[in-house]
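Single-structure report; data block below.
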Amino acid sequence: MLLRPLSILLSFSFILGTASRKYVEKEIDGLIEGDIQLTDDEGSRVKRQILTVVGKWPNGVVNYSFDNGINETSRLIIRTAMNYISARTCVTFVEDSPATNRIKFLNDDCSSPVGMKGGEQFLRLGDKCVTFGMAVHQIMHTLGIIHTNQRTDRDDYVTVNYKNVPEWLWEDNLNINDTANNVTPFEYGSVMMLPGNVYGPGTITSKQSDYTNTLGFRRVTFYDMMMLNSHYSCSCAVDLACKNGGRTNPAKCSECLCPAGYAGTLCDQPPPGTEMYYTDTAWKGNFSVFGNLDSDLPIGEPRMTYIWITAPAGKAIQYRVFDLDGCTCEPGCNSNGVEPRSYADPAIVNPIFCCNDDKTMIDKIYLSYQNPTPVVMHERSGECNLFIYFRHVDAPPTTPSTTTSTTTTTTPTPTPTPTPTTTPIPTQTPTPTPTRAPVTTTKPKDCHNTATQTTTCKCTTTHTKMYETEECRIAAGGQCSSTTTTGGRKTVTKCSSDTTNI
């Protein structure tokens, strides 16, 4: 099948001192998903083979040059993106115009081939899409990384709507790449995730509503860099005892690479300038201002501001974002955003609060599995005001020992999550049902199902996914299956069974 030229309206929220902008991409033969280029040879292949022709850059060294049409500001942004990657991986970039194999940056739309193709290959970054996050996105394509929404597990996390996308477009643009190697957890906030409105409103929808505006996020994540380190086998001779999900940094083996909200050699310290909040049994509120009203930041990483909310040992933290005055609303939350890092995995991107229009999130009570709980605030343009409430409660059990259900009775109605209010929280607000289930380990555990027969399931973990439910049941043929929640992540288990009549 011949690959047709595409004329695609994208809305990537490219931030250059404005809230967001749309642009019409030029007709370029061989573009897929709006920004991945296919060579003539690949264009004739079925989509699932694309990773079989991806080449790594030898020894992680990428040669590059600039076309004369790339201005000095764009060159600075591109170099900043390359330096960011090199400071966190073993990949390096060398400006070398005569090199046989090299990237050539062009001022023309926004696209890249996937992996090294050999010879001179073009990475297009036009003036309207040269931002730090988008430069990293395209460079990661060149290094061999595909979009997050192409992963083989994507249907567990997002729904792709093909209704208003022509078949000739979606068969190359929206289908799963079944050769994808999922070496990191699925991240709604990955810099490689396409925005939900990539081919019109509702093209990609998160199955967790809190992540709706996080799709298309262009603040590069910890796991984005872990993908590159895995792909290029980056390592150090000695691994450090990194805390809070950190990993030894292959670019500087004497220190850890830390998830957002953590700092220090071992990721056990707050970033410099962090505001320190301390909980009580009653709700407390604090007001924080972040950003710069008179300055835009089009070149490098967004401005970062941090809060640490700390509770006494053995207590759990509850929080609710009450107000985001002056914050910009947009898909991807790229002008500004607030991210409380509360999941059991301290390295994964949590849902981003954009503005007060996030009605399902604002003033909703969340339970954190981190103590302290970092709150990460980013901003590129303007000033944003955060009003957040917090308190501590008795910690829930960390590992439920059993899960019991009875097939001869109806399923009880779950306790509803309390409806968030629009007024400040009174000190006697009852403790809500947590919005995520208690943290569990990934060690084998027992689960039980009671009916006229009792089946005891011995469960062995196989892999994890992102969900917010818990169940233990007898499947067809009397076999057991179990799903347990792990702080917003689902652990799928494989079970053997022993049946006893009662």
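Order determines the names: the first chain of the structure tokens is A, the second B, and so forth; residues in each chain are numbered 1 upward, and ligands are numbered 1 upward as they are shown.
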
Review point. Near stretch 131-146 of chain A, counting only C-alpha atoms, which residues have an atom at most 6 Å away, once you skip same-chain residues fewer than 6 positions from it, shown as a PyMOL selection string?
Key: chain A and resi 77-78+81+112-115+192+218-219+299-300

Deliver the residues from the most recent selection as a file, using N, CA and C atoms, as a PDB file, in the first residue's frame.
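New file part_22.pdb:
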ATOM      1  N   ILE A  77      17.913  26.033  21.850  1.00  0.00           N
ATOM      2  CA  ILE A  77      16.906  25.111  22.396  1.00  0.00           C
ATOM      3  C   ILE A  77      17.305  23.669  22.110  1.00  0.00           C
ATOM      4  N   ILE A  78      17.730  23.380  20.902  1.00  0.00           N
ATOM      5  CA  ILE A  78      18.105  22.015  20.511  1.00  0.00           C
ATOM      6  C   ILE A  78      19.315  21.544  21.311  1.00  0.00           C
ATOM      7  N   ALA A  81      18.291  20.669  24.794  1.00  0.00           N
ATOM      8  CA  ALA A  81      17.639  19.353  24.844  1.00  0.00           C
ATOM      9  C   ALA A  81      18.672  18.226  24.773  1.00  0.00           C
ATOM     10  N   SER A 112      10.565  13.350  12.691  1.00  0.00           N
ATOM     11  CA  SER A 112      11.846  12.656  12.736  1.00  0.00           C
ATOM     12  C   SER A 112      11.649  11.198  12.358  1.00  0.00           C
ATOM     13  N   PRO A 113      12.648  10.562  11.737  1.00  0.00           N
ATOM     14  CA  PRO A 113      12.614   9.107  11.612  1.00  0.00           C
ATOM     15  C   PRO A 113      12.886   8.458  12.963  1.00  0.00           C
ATOM     16  N   VAL A 114      12.592   7.173  13.081  1.00  0.00           N
ATOM     17  CA  VAL A 114      12.844   6.444  14.319  1.00  0.00           C
ATOM     18  C   VAL A 114      14.141   5.658  14.164  1.00  0.00           C
ATOM     19  N   GLY A 115      15.138   5.999  14.987  1.00  0.00           N
ATOM     20  CA  GLY A 115      16.414   5.296  14.964  1.00  0.00           C
ATOM     21  C   GLY A 115      17.359   5.833  13.900  1.00  0.00           C
ATOM     22  N   MET A 192       6.820  11.231  25.368  1.00  0.00           N
ATOM     23  CA  MET A 192       6.545  10.523  24.115  1.00  0.00           C
ATOM     24  C   MET A 192       5.055  10.221  23.926  1.00  0.00           C
ATOM     25  N   ARG A 218       4.872  17.794  28.141  1.00  0.00           N
ATOM     26  CA  ARG A 218       6.202  17.920  27.536  1.00  0.00           C
ATOM     27  C   ARG A 218       7.269  18.315  28.556  1.00  0.00           C
ATOM     28  N   ARG A 219       7.032  17.974  29.839  1.00  0.00           N
ATOM     29  CA  ARG A 219       8.098  18.083  30.836  1.00  0.00           C
ATOM     30  C   ARG A 219       8.741  16.706  30.920  1.00  0.00           C
ATOM     31  N   ILE A 299      13.008  28.547  26.073  1.00  0.00           N
ATOM     32  CA  ILE A 299      14.201  27.829  25.647  1.00  0.00           C
ATOM     33  C   ILE A 299      14.418  26.517  26.399  1.00  0.00           C
ATOM     34  N   GLY A 300      14.598  26.568  27.694  1.00  0.00           N
ATOM     35  CA  GLY A 300      14.999  25.381  28.422  1.00  0.00           C
ATOM     36  C   GLY A 300      13.863  24.707  29.158  1.00  0.00           C
TER      37      GLY A 300
END

**Study point:** In stretch 51-266 of chain A, DSSP strand (DSSP E) residues written as a PyMOL selection string
**Key:** chain A and resi 61-66+92-95+102-106+110-113+120-125+158-160+204-206+247-248+256-257

Check your understanding: Between atom CA of A:Ala344 and atom CA of A:Cys242, what is the spacing in Å?
Key -> 16.2 Å

Review point. So which residues touch A:Ile103 within 9 Å, counting only C-alpha atoms, skipping near sequence neighbours fewer than 2 positions away, as a PyMOL selection string?
Key: chain A and resi 62-66+101+105+116+119-123+142
